[in-house]
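Dropping start23.txt in here (compact mmCIF, C-alpha atoms and all ligand atoms):
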```txt
# COMPACT_ATOMS: atom_id res chain seq x y z
CA MET T 933 8.84 -2.26 11.27
CA ILE T 934 8.79 -5.30 8.99
CA GLU T 935 12.06 -6.61 7.61
CA VAL T 936 12.09 -9.17 4.84
CA LYS T 937 15.36 -11.02 4.44
CA ASN T 938 16.39 -13.22 1.50
CA LEU T 939 12.83 -14.28 0.78
CA SER T 940 12.33 -16.84 -1.99
CA LYS T 941 9.24 -18.63 -3.22
CA GLU T 942 9.13 -21.54 -5.59
CA PHE T 943 6.04 -23.09 -7.15
CA GLU T 944 6.84 -26.59 -8.36
CA GLY T 945 10.46 -25.78 -9.15
CA HIS T 946 9.58 -22.41 -10.69
CA LEU T 947 11.25 -19.56 -8.78
CA VAL T 948 8.72 -16.72 -8.50
CA LEU T 949 10.48 -14.67 -5.79
CA ASN T 950 14.25 -14.73 -5.77
CA ASP T 951 16.18 -13.73 -2.64
CA ILE T 952 14.24 -10.55 -1.84
CA SER T 953 15.20 -8.31 1.07
CA ALA T 954 13.32 -5.12 1.91
CA THR T 955 12.42 -2.96 4.90
CA PHE T 956 9.02 -1.41 5.66
CA ARG T 957 8.98 1.29 8.33
CA LYS T 958 5.96 2.51 10.27
CA GLY T 959 4.06 5.72 9.62
CA ILE T 960 5.05 6.04 5.96
CA VAL T 961 3.48 4.77 2.74
CA ASN T 962 5.52 1.77 1.58
CA MET T 963 4.72 0.66 -1.95
CA ILE T 964 5.64 -2.40 -3.96
CA ILE T 965 5.58 -1.69 -7.66
CA GLY T 966 6.30 -3.69 -10.78
CA LYS T 967 4.66 -4.83 -13.94
CA SER T 968 2.12 -7.60 -14.17
CA GLY T 969 3.55 -10.98 -13.20
CA SER T 970 6.59 -9.54 -11.42
CA GLY T 971 5.62 -11.25 -8.15
CA LYS T 972 3.99 -8.42 -6.17
CA THR T 973 0.93 -10.36 -5.03
CA VAL T 974 2.88 -13.51 -4.17
CA PHE T 975 5.27 -11.33 -2.14
CA LEU T 976 2.37 -9.70 -0.27
CA LYS T 977 0.71 -13.07 0.37
CA CYS T 978 3.99 -14.46 1.73
CA MET T 979 4.29 -11.43 4.01
CA VAL T 980 0.88 -12.02 5.58
CA GLY T 981 1.32 -15.78 5.70
CA LEU T 982 -1.34 -16.70 3.12
CA ILE T 983 1.40 -18.40 1.09
CA ARG T 984 4.34 -20.09 2.79
CA ALA T 985 7.68 -18.77 1.54
CA THR T 986 10.24 -21.39 0.50
CA SER T 987 13.09 -19.71 2.38
CA GLY T 988 14.09 -16.47 4.07
CA GLU T 989 12.81 -14.45 7.01
CA ILE T 990 9.84 -12.11 7.53
CA LEU T 991 10.50 -10.21 10.72
CA TYR T 992 7.69 -8.35 12.48
CA GLU T 993 9.50 -6.20 15.04
CA GLY T 994 12.11 -8.96 15.00
CA ARG T 995 9.62 -11.89 15.27
CA ASN T 996 10.03 -14.25 12.32
CA LEU T 997 6.68 -15.24 10.79
CA LEU T 998 8.24 -18.31 9.20
CA THR T 999 9.28 -19.85 12.51
CA MET T 1000 6.28 -18.76 14.59
CA LYS T 1001 3.99 -21.23 16.28
CA PRO T 1002 0.36 -21.32 15.02
CA LYS T 1003 -0.76 -19.50 18.19
CA GLU T 1004 1.72 -16.68 17.59
CA ILE T 1005 0.63 -16.43 13.95
CA LYS T 1006 -2.99 -16.16 15.08
CA GLN T 1007 -2.01 -13.37 17.46
CA LEU T 1008 -0.02 -11.58 14.74
CA ARG T 1009 -2.95 -11.82 12.30
CA ARG T 1010 -5.00 -9.76 14.75
CA GLU T 1011 -2.46 -6.99 14.36
CA MET T 1012 -2.93 -7.00 10.59
CA GLY T 1013 -5.47 -5.12 8.51
CA MET T 1014 -5.90 -6.31 4.96
CA LEU T 1015 -7.43 -4.70 1.94
CA PHE T 1016 -7.40 -7.06 -0.98
CA GLN T 1017 -8.58 -6.58 -4.57
CA GLY T 1018 -12.33 -6.14 -4.66
CA SER T 1019 -13.85 -5.00 -1.40
CA ALA T 1020 -15.02 -8.43 -0.23
CA LEU T 1021 -17.87 -7.04 1.84
CA PHE T 1022 -20.64 -9.37 2.97
CA ASP T 1023 -23.66 -8.62 0.78
CA SER T 1024 -26.10 -9.69 3.47
CA LYS T 1025 -24.68 -7.31 6.09
CA THR T 1026 -25.05 -3.54 6.27
CA VAL T 1027 -21.99 -1.33 6.01
CA LEU T 1028 -21.96 -0.98 9.82
CA GLU T 1029 -22.29 -4.75 10.34
CA ASN T 1030 -19.45 -5.34 7.88
CA VAL T 1031 -17.17 -3.02 9.84
CA MET T 1032 -18.27 -4.60 13.12
CA PHE T 1033 -17.52 -8.11 11.82
CA PRO T 1034 -13.81 -8.31 12.81
CA LEU T 1035 -14.69 -6.74 16.16
CA ASP T 1036 -17.43 -9.35 16.72
CA MET T 1037 -14.95 -12.09 15.82
CA PHE T 1038 -11.79 -10.99 17.57
CA SER T 1039 -12.37 -8.30 20.19
CA ARG T 1040 -13.54 -8.58 23.75
CA LEU T 1041 -15.45 -5.31 23.59
CA SER T 1042 -19.11 -5.07 24.57
CA LYS T 1043 -21.67 -4.75 21.78
CA LYS T 1044 -22.03 -1.02 22.50
CA GLU T 1045 -18.24 -0.52 22.37
CA ARG T 1046 -17.98 -2.54 19.14
CA ARG T 1047 -20.64 -0.38 17.58
CA GLN T 1048 -18.93 2.80 18.75
CA ARG T 1049 -15.58 1.63 17.35
CA ALA T 1050 -17.19 0.71 14.00
CA GLU T 1051 -18.89 4.11 13.87
CA PHE T 1052 -15.59 5.84 14.65
CA CYS T 1053 -13.94 3.98 11.74
CA LEU T 1054 -16.80 4.82 9.40
CA GLU T 1055 -16.56 8.45 10.44
CA ARG T 1056 -12.82 8.33 9.70
CA VAL T 1057 -13.53 7.30 6.10
CA ASN T 1058 -16.44 9.73 5.89
CA LEU T 1059 -19.08 7.05 5.47
CA LEU T 1060 -21.11 7.20 8.65
CA GLN T 1061 -24.15 8.40 6.74
CA ALA T 1062 -24.15 5.10 4.78
CA ALA T 1063 -23.84 2.86 7.88
CA HIS T 1064 -27.34 1.39 7.44
CA LEU T 1065 -27.01 0.66 3.70
CA TYR T 1066 -26.14 -2.67 2.08
CA PRO T 1067 -23.14 -3.06 -0.28
CA SER T 1068 -25.48 -3.32 -3.27
CA GLU T 1069 -26.83 0.15 -2.43
CA ILE T 1070 -23.48 2.00 -2.46
CA SER T 1071 -20.88 2.94 -5.11
CA GLY T 1072 -17.53 1.21 -5.72
CA GLY T 1073 -15.66 4.04 -4.01
CA MET T 1074 -17.95 3.80 -0.97
CA MET T 1075 -17.40 0.04 -0.84
CA LYS T 1076 -13.66 0.65 -0.83
CA ARG T 1077 -14.07 3.12 2.03
CA ALA T 1078 -16.16 0.60 3.95
CA ALA T 1079 -13.44 -2.00 3.36
CA ILE T 1080 -10.83 0.45 4.69
CA ALA T 1081 -12.98 1.10 7.77
CA ARG T 1082 -13.23 -2.67 8.31
CA ALA T 1083 -9.46 -3.10 7.79
CA ILE T 1084 -8.70 -0.56 10.54
CA ALA T 1085 -11.47 -1.69 12.93
CA LEU T 1086 -9.10 -3.70 15.12
CA ASN T 1087 -6.62 -0.81 15.23
CA PRO T 1088 -3.98 -2.75 13.27
CA LYS T 1089 -0.25 -2.24 13.58
CA TYR T 1090 0.18 -3.42 10.00
CA LEU T 1091 -1.88 -2.67 6.91
CA PHE T 1092 -1.57 -4.62 3.65
CA CYS T 1093 -3.30 -3.47 0.48
CA ASP T 1094 -3.32 -5.16 -2.92
CA GLU T 1095 -4.15 -2.71 -5.69
CA PRO T 1096 -6.48 -0.58 -3.54
CA ASN T 1097 -7.52 1.48 -6.57
CA SER T 1098 -8.42 -1.30 -8.95
CA GLY T 1099 -11.69 -0.60 -10.72
CA LEU T 1100 -12.00 3.00 -9.50
CA ASP T 1101 -12.10 6.18 -11.59
CA PRO T 1102 -9.12 8.57 -11.28
CA GLN T 1103 -10.88 10.99 -8.94
CA THR T 1104 -12.11 8.29 -6.57
CA SER T 1105 -8.68 6.64 -6.72
CA GLN T 1106 -7.12 9.89 -5.53
CA LEU T 1107 -9.60 10.08 -2.68
CA ILE T 1108 -8.85 6.49 -1.59
CA ASP T 1109 -5.10 7.14 -1.87
CA GLY T 1110 -5.41 10.26 0.28
CA LEU T 1111 -7.47 8.41 2.84
CA LEU T 1112 -5.02 5.51 3.10
CA ALA T 1113 -2.03 7.85 3.40
CA SER T 1114 -3.63 9.92 6.15
CA ILE T 1115 -4.74 6.84 8.12
CA ILE T 1116 -1.24 5.29 7.84
CA LYS T 1117 0.33 8.52 9.09
CA ASP T 1118 -2.24 9.40 11.77
CA PHE T 1119 -2.23 5.93 13.33
CA GLN T 1120 1.49 5.27 12.65
CA ILE T 1121 0.72 2.00 10.86
CA THR T 1122 3.36 -0.08 9.06
CA SER T 1123 1.95 -0.28 5.55
CA VAL T 1124 2.64 -2.33 2.45
CA ILE T 1125 0.67 -1.31 -0.64
CA VAL T 1126 0.99 -3.21 -3.90
CA THR T 1127 0.26 -1.15 -6.99
CA HIS T 1128 1.16 -0.70 -10.61
CA ASP T 1129 -0.48 2.70 -10.65
CA MET T 1130 2.19 5.39 -10.96
CA ASN T 1131 -0.45 8.02 -10.14
CA SER T 1132 -0.69 6.51 -6.67
CA VAL T 1133 3.07 6.26 -6.36
CA MET T 1134 3.49 9.95 -7.19
CA ASN T 1135 0.53 10.99 -4.99
CA ILE T 1136 1.23 9.15 -1.77
CA GLY T 1137 4.29 6.86 -2.04
CA ASP T 1138 7.12 7.42 0.42
CA HIS T 1139 9.28 4.32 0.21
CA ILE T 1140 9.25 2.25 -2.97
CA VAL T 1141 10.28 -1.34 -3.66
CA PHE T 1142 10.48 -2.27 -7.34
CA LEU T 1143 10.14 -5.93 -8.33
CA ASN T 1144 11.11 -7.24 -11.73
CA GLU T 1145 10.66 -10.90 -12.68
CA GLY T 1146 10.73 -11.95 -9.04
CA VAL T 1147 13.86 -9.97 -8.19
CA LYS T 1148 14.08 -6.73 -6.20
CA GLU T 1149 15.68 -4.36 -8.66
CA TRP T 1150 15.46 -1.21 -6.60
CA GLU T 1151 14.37 0.14 -3.22
CA GLY T 1152 14.42 3.72 -2.02
CA PRO T 1153 12.50 6.96 -1.43
CA LYS T 1154 10.14 8.09 -4.19
CA GLU T 1155 12.20 11.21 -4.80
CA LYS T 1156 15.13 9.02 -5.89
CA LEU T 1157 13.16 6.91 -8.40
CA ASN T 1158 14.53 9.02 -11.18
CA ASP T 1159 18.16 8.43 -10.14
CA SER T 1160 17.87 4.65 -10.45
CA GLU T 1161 20.25 2.89 -12.82
CA SER T 1162 17.78 0.03 -13.34
CA GLU T 1163 16.70 -0.08 -16.97
CA ALA T 1164 13.60 -2.10 -16.05
CA LEU T 1165 12.55 0.53 -13.50
CA LYS T 1166 13.14 3.37 -15.95
CA LYS T 1167 11.02 1.54 -18.52
CA PHE T 1168 8.28 0.94 -15.94
CA VAL T 1169 8.05 4.52 -14.68
CA PHE T 1170 8.50 6.22 -18.01
CA ALA T 1171 5.77 4.06 -19.53
CA SER T 1172 3.51 6.13 -17.32
CA ASP T 1173 2.51 9.57 -18.59
CA VAL T 1174 1.93 10.80 -15.08
CA PHE T 1175 5.60 10.42 -14.21
CA LYS T 1176 6.73 12.29 -17.32
CA LYS T 1177 4.25 15.08 -16.62
CA ASN T 1178 5.35 15.24 -13.01
CA MET T 1179 9.02 15.44 -13.96
CA GLU T 1180 8.28 18.07 -16.61
CA SER T 1181 6.35 20.22 -14.17
CA GLN T 1182 9.14 19.74 -11.62
CA ASP T 1183 11.62 20.82 -14.30
CA GLU T 1184 9.44 23.79 -15.17
CA SER T 1185 9.12 24.87 -11.56
CA GLU T 1186 12.88 24.35 -11.06
CA GLN T 1187 13.48 26.54 -14.11
CA ALA T 1188 11.03 29.16 -12.84
CA LYS T 1189 12.79 29.10 -9.46
CA GLU T 1190 16.19 29.52 -11.13
CA GLU T 1191 14.94 32.42 -13.26
CA GLU T 1192 13.47 34.08 -10.19
CA LEU T 1193 16.77 33.67 -8.34
CA ILE T 1194 18.78 35.15 -11.23
CA TYR T 1195 16.33 38.05 -11.44
CA LYS T 1196 16.60 38.63 -7.68
CA MET T 1197 20.38 38.50 -7.79
CA GLN T 1198 20.43 40.93 -10.68
CA ARG T 1199 18.17 43.33 -8.77
CA GLU T 1200 20.23 43.10 -5.60
CA ASN T 1201 23.58 43.33 -7.37
CA PRO T 1202 23.02 45.45 -10.47
CA LYS T 1203 26.03 45.44 -12.78
CA LYS T 1204 27.99 48.62 -12.34
CA GLU T 1205 28.37 50.46 -15.64
N1 LIG O 1 -0.40 -20.46 -6.83
C1 LIG O 1 0.50 -20.30 -7.83
N2 LIG O 1 1.05 -21.39 -8.41
C2 LIG O 1 1.96 -21.25 -9.41
N3 LIG O 1 2.41 -20.06 -9.89
C3 LIG O 1 1.89 -18.96 -9.35
C4 LIG O 1 0.90 -19.01 -8.29
N4 LIG O 1 0.57 -17.73 -7.93
C5 LIG O 1 1.31 -16.93 -8.73
N5 LIG O 1 2.08 -17.65 -9.58
C6 LIG O 1 3.02 -17.11 -10.57
O1 LIG O 1 3.86 -16.18 -9.93
C7 LIG O 1 4.21 -15.13 -10.80
C8 LIG O 1 3.96 -13.79 -10.09
O2 LIG O 1 2.54 -13.61 -9.93
P1 LIG O 1 1.90 -12.40 -9.11
O3 LIG O 1 0.43 -12.61 -9.09
O4 LIG O 1 2.59 -12.26 -7.82
O5 LIG O 1 2.27 -11.17 -10.04
P2 LIG O 1 1.85 -9.63 -9.85
O6 LIG O 1 3.10 -8.84 -9.98
O7 LIG O 1 1.05 -9.47 -8.62
O8 LIG O 1 0.95 -9.41 -11.14
P3 LIG O 1 -0.41 -8.53 -11.31
O9 LIG O 1 0.01 -7.09 -11.23
O10 LIG O 1 -0.88 -8.92 -12.67
O11 LIG O 1 -1.36 -8.93 -10.22
C9 LIG O 1 3.41 -15.31 -12.07
O12 LIG O 1 4.23 -15.90 -13.03
C10 LIG O 1 2.32 -16.28 -11.63
O13 LIG O 1 1.90 -17.07 -12.70
```
How does this structure look as structure tokens?
Ligand SMILES: Nc1ncnc2c1ncn2[C@@H]1O[C@H](COP(=O)(O)OP(=O)(O)OP(=O)(O)O)[C@@H](O)[C@H]1O
Amino acid sequence: MIEVKNLSKEFEGHLVLNDISATFRKGIVNMIIGKSGSGKTVFLKCMVGLIRATSGEILYEGRNLLTMKPKEIKQLRREMGMLFQGSALFDSKTVLENVMFPLDMFSRLSKKERRQRAEFCLERVNLLQAAHLYPSEISGGMMKRAAIARAIALNPKYLFCDEPNSGLDPQTSQLIDGLLASIIKDFQITSVIVTHDMNSVMNIGDHIVFLNEGVKEWEGPKEKLNDSESEALKKFVFASDVFKKNMESQDESEQAKEEELIYKMQRENPKKE
């Protein structure tokens, strides 16, 4: 579990994150949503230690990142998988070599074991057949899958993703979403996924944190998004067609269920003439 407490970040006197607290539990899909400029990426970068927060606490199973010694931070980094915008694969390495890279750098496994682990990860994202290809020879969706395989190579406890679907078509996005969700659940990873894609939120989100102008306006389970009193959140979700469609089809299926129930009750208890 990661707990963020009263996190603030200032850039030259400009407050970009204002007193944010949030909890991210393991084995579920945690998502940070909000419109452009709301502070999602800065929040994520503070969480992984790429940007130093001005104040607050970031607790990894109770260990505060902001007061850790460099050695402890180094150790913690090895427990983190990261998937940032763009796939950031090495062009000069094959897909397999890319996935082996973190293992070569940080594990004590033998070459054969590193290769086996990389192949296992590629198999997990259904990309083993492309192991020998170079990034320039594969599609954007395949690159994303290779990047996911690389992010999970060291069997991370924590997985951070910034807009994992950026630049992908809707079908491939769905595939990547499904893959991330199943990996997070199967390996019981503590995840934090930044997105402004409501499709993804509706498809795989479990726990949602909504940021607005650097402030946490709402946090809760996806199913409760619609109950929020936050005007900014309502505006954000209803700006997305997918949410409206989803709610309409939920309404329709609720209505169909109600009609079915009334019909059943009428059949079981016919009115006596
Ligand atoms: N290094 C920096 N120095 C100064 N200001 C910054 C820096 N990085 C980000 N900001 C500011 O912080 C605010 C939040 O930016 P951030 O990138 O976190 O937004 P976001 O919600 O991720 O947006 P998007 O969805 O467009 O990526 C913006 O006003 C941005 O200009």
If we count all atoms listed in the file and set the cut-off at 7 Å, which residues sit around T:Arg1077, ignoring sequence neighbours fewer than 4 positions away in its own chain? Please answer as a ChimeraX atom specification. /T:1057,1073,1081
For the residues in the current selection, export C-alpha atoms as a PDB file, in the coordinates of the input.
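The resulting file, selection16.pdb, is reproduced below:
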```
ATOM      1  CA  VAL T1057     -13.530   7.300   6.100  1.00  0.00           C
ATOM      2  CA  GLY T1073     -15.660   4.040  -4.010  1.00  0.00           C
ATOM      3  CA  ALA T1081     -12.980   1.100   7.770  1.00  0.00           C
TER       4      ALA T1081
END
```
I'd like the box whose edges run along x, y and z of the file and which contains every listed atom of ligand LIG 1 (chain O), padded by 4 Å per side; could you state its centre and edge lengths in Å, one decimal, as JSON?
```
{"center_x": 1.4, "center_y": -14.2, "center_z": -9.9, "size_x": 13.6, "size_y": 22.3, "size_z": 14.2}
```
When you count only C-alpha atoms, which of these residues is closest to T:Val1126: T:Asn938, T:Thr973, T:Thr955, T:Ser1098?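 Residue with the minimum atom-to-atom distance to T:Val1126: T:Thr973.
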With all atoms listed in the file counted, collect every polymer residue having an atom within 6 Å of ligand LIG 1 (chain O); state the result as a ChimeraX atom specification. /T:943,948,967-974
Limited to C-alpha atoms, could you put the picked residues into a file as a CSV table (one decimal), in the coordinates of the input?
```
chain,number,residue,atom,x,y,z
T,943,PHE,CA,6.0,-23.1,-7.2
T,948,VAL,CA,8.7,-16.7,-8.5
T,967,LYS,CA,4.7,-4.8,-13.9
T,968,SER,CA,2.1,-7.6,-14.2
T,969,GLY,CA,3.6,-11.0,-13.2
T,970,SER,CA,6.6,-9.5,-11.4
T,971,GLY,CA,5.6,-11.2,-8.2
T,972,LYS,CA,4.0,-8.4,-6.2
T,973,THR,CA,0.9,-10.4,-5.0
T,974,VAL,CA,2.9,-13.5,-4.2
```
Show me, as an MDAnalysis selection string, the residues that have an atom within 8 Å of T:His1064 when counting all atoms listed in the file, minus same-chain residues fewer than 3 positions from it. chainID T and resid 1026:1028 1061
Please indicate the distance in Å from atom CA of T:Ala985 to atom CA of T:Val936, rounded to one decimal place. 11.1 Å
Which residue out of T:Cys978, T:Ile964, T:Ala1050, T:Leu1157 has the minimum interatomic distance to T:Val1124 when only C-alpha atoms are used? T:Ile964
Pick from T:Leu1165, T:Met1074, T:Ala1083, T:Met1000 nearest to T:Phe1142, counting only C-alpha atoms: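 Distance minimum relative to T:Phe1142 lands on T:Leu1165.
Nearest to T:Pro1034 of all the residues T:Ala1062, T:Ile934, T:Leu1100, T:Ile1084 is T:Ile1084, counting only C-alpha atoms.
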I need the residue nearest T:Lys1148 from this list: T:Gly966, T:Gly959, T:Gly945, T:Pro1102. Use all atoms listed in the file for the distance.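 Among the listed residues, the smallest separation from T:Lys1148 belongs to T:Gly966.
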Protein, DNA and RNA residues within 12 Å of (-15.4, 5.5, -6.7), only C-alpha atoms, as a CSV table (one decimal) with C-alpha atoms, in the coordinates of the input:
```csv
chain,number,residue,atom,x,y,z
T,1019,SER,CA,-13.8,-5.0,-1.4
T,1070,ILE,CA,-23.5,2.0,-2.5
T,1071,SER,CA,-20.9,2.9,-5.1
T,1072,GLY,CA,-17.5,1.2,-5.7
T,1073,GLY,CA,-15.7,4.0,-4.0
T,1074,MET,CA,-18.0,3.8,-1.0
T,1075,MET,CA,-17.4,0.0,-0.8
T,1076,LYS,CA,-13.7,0.6,-0.8
T,1077,ARG,CA,-14.1,3.1,2.0
T,1078,ALA,CA,-16.2,0.6,4.0
T,1096,PRO,CA,-6.5,-0.6,-3.5
T,1097,ASN,CA,-7.5,1.5,-6.6
T,1098,SER,CA,-8.4,-1.3,-9.0
T,1099,GLY,CA,-11.7,-0.6,-10.7
T,1100,LEU,CA,-12.0,3.0,-9.5
T,1101,ASP,CA,-12.1,6.2,-11.6
T,1102,PRO,CA,-9.1,8.6,-11.3
T,1103,GLN,CA,-10.9,11.0,-8.9
T,1104,THR,CA,-12.1,8.3,-6.6
T,1105,SER,CA,-8.7,6.6,-6.7
T,1106,GLN,CA,-7.1,9.9,-5.5
T,1107,LEU,CA,-9.6,10.1,-2.7
T,1108,ILE,CA,-8.8,6.5,-1.6
T,1109,ASP,CA,-5.1,7.1,-1.9
```
Point out the residue among T:Val980, T:Ala1113, T:Met963, T:Leu1054 with the least atom-to-atom distance to T:His1128, counting all atoms listed in the file.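 Smallest separation from T:His1128 among the options: T:Met963.
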Go ahead and compute the interatomic distance for atom CA of T:Arg1082 and atom CA of T:Leu1035, in Å to one decimal.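 Between these atoms lies a distance of 9.0 Å.
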For T:Lys1117, please output as a list of chain:residue names all residues within 12 Å (counting only C-alpha atoms; exclusion window: fewer than 5 positions along the same chain). T:Arg957, T:Lys958, T:Gly959, T:Ile960, T:Val961, T:Asn962, T:Lys1089, T:Tyr1090, T:Leu1091, T:Gly1110, T:Leu1111, T:Leu1112, T:Thr1122, T:Ser1123, T:Ile1136, T:Gly1137, T:Asp1138
Point-to-point distance in Å for atom CA of T:Val1141 and atom CA of T:Glu1011: 22.8 Å
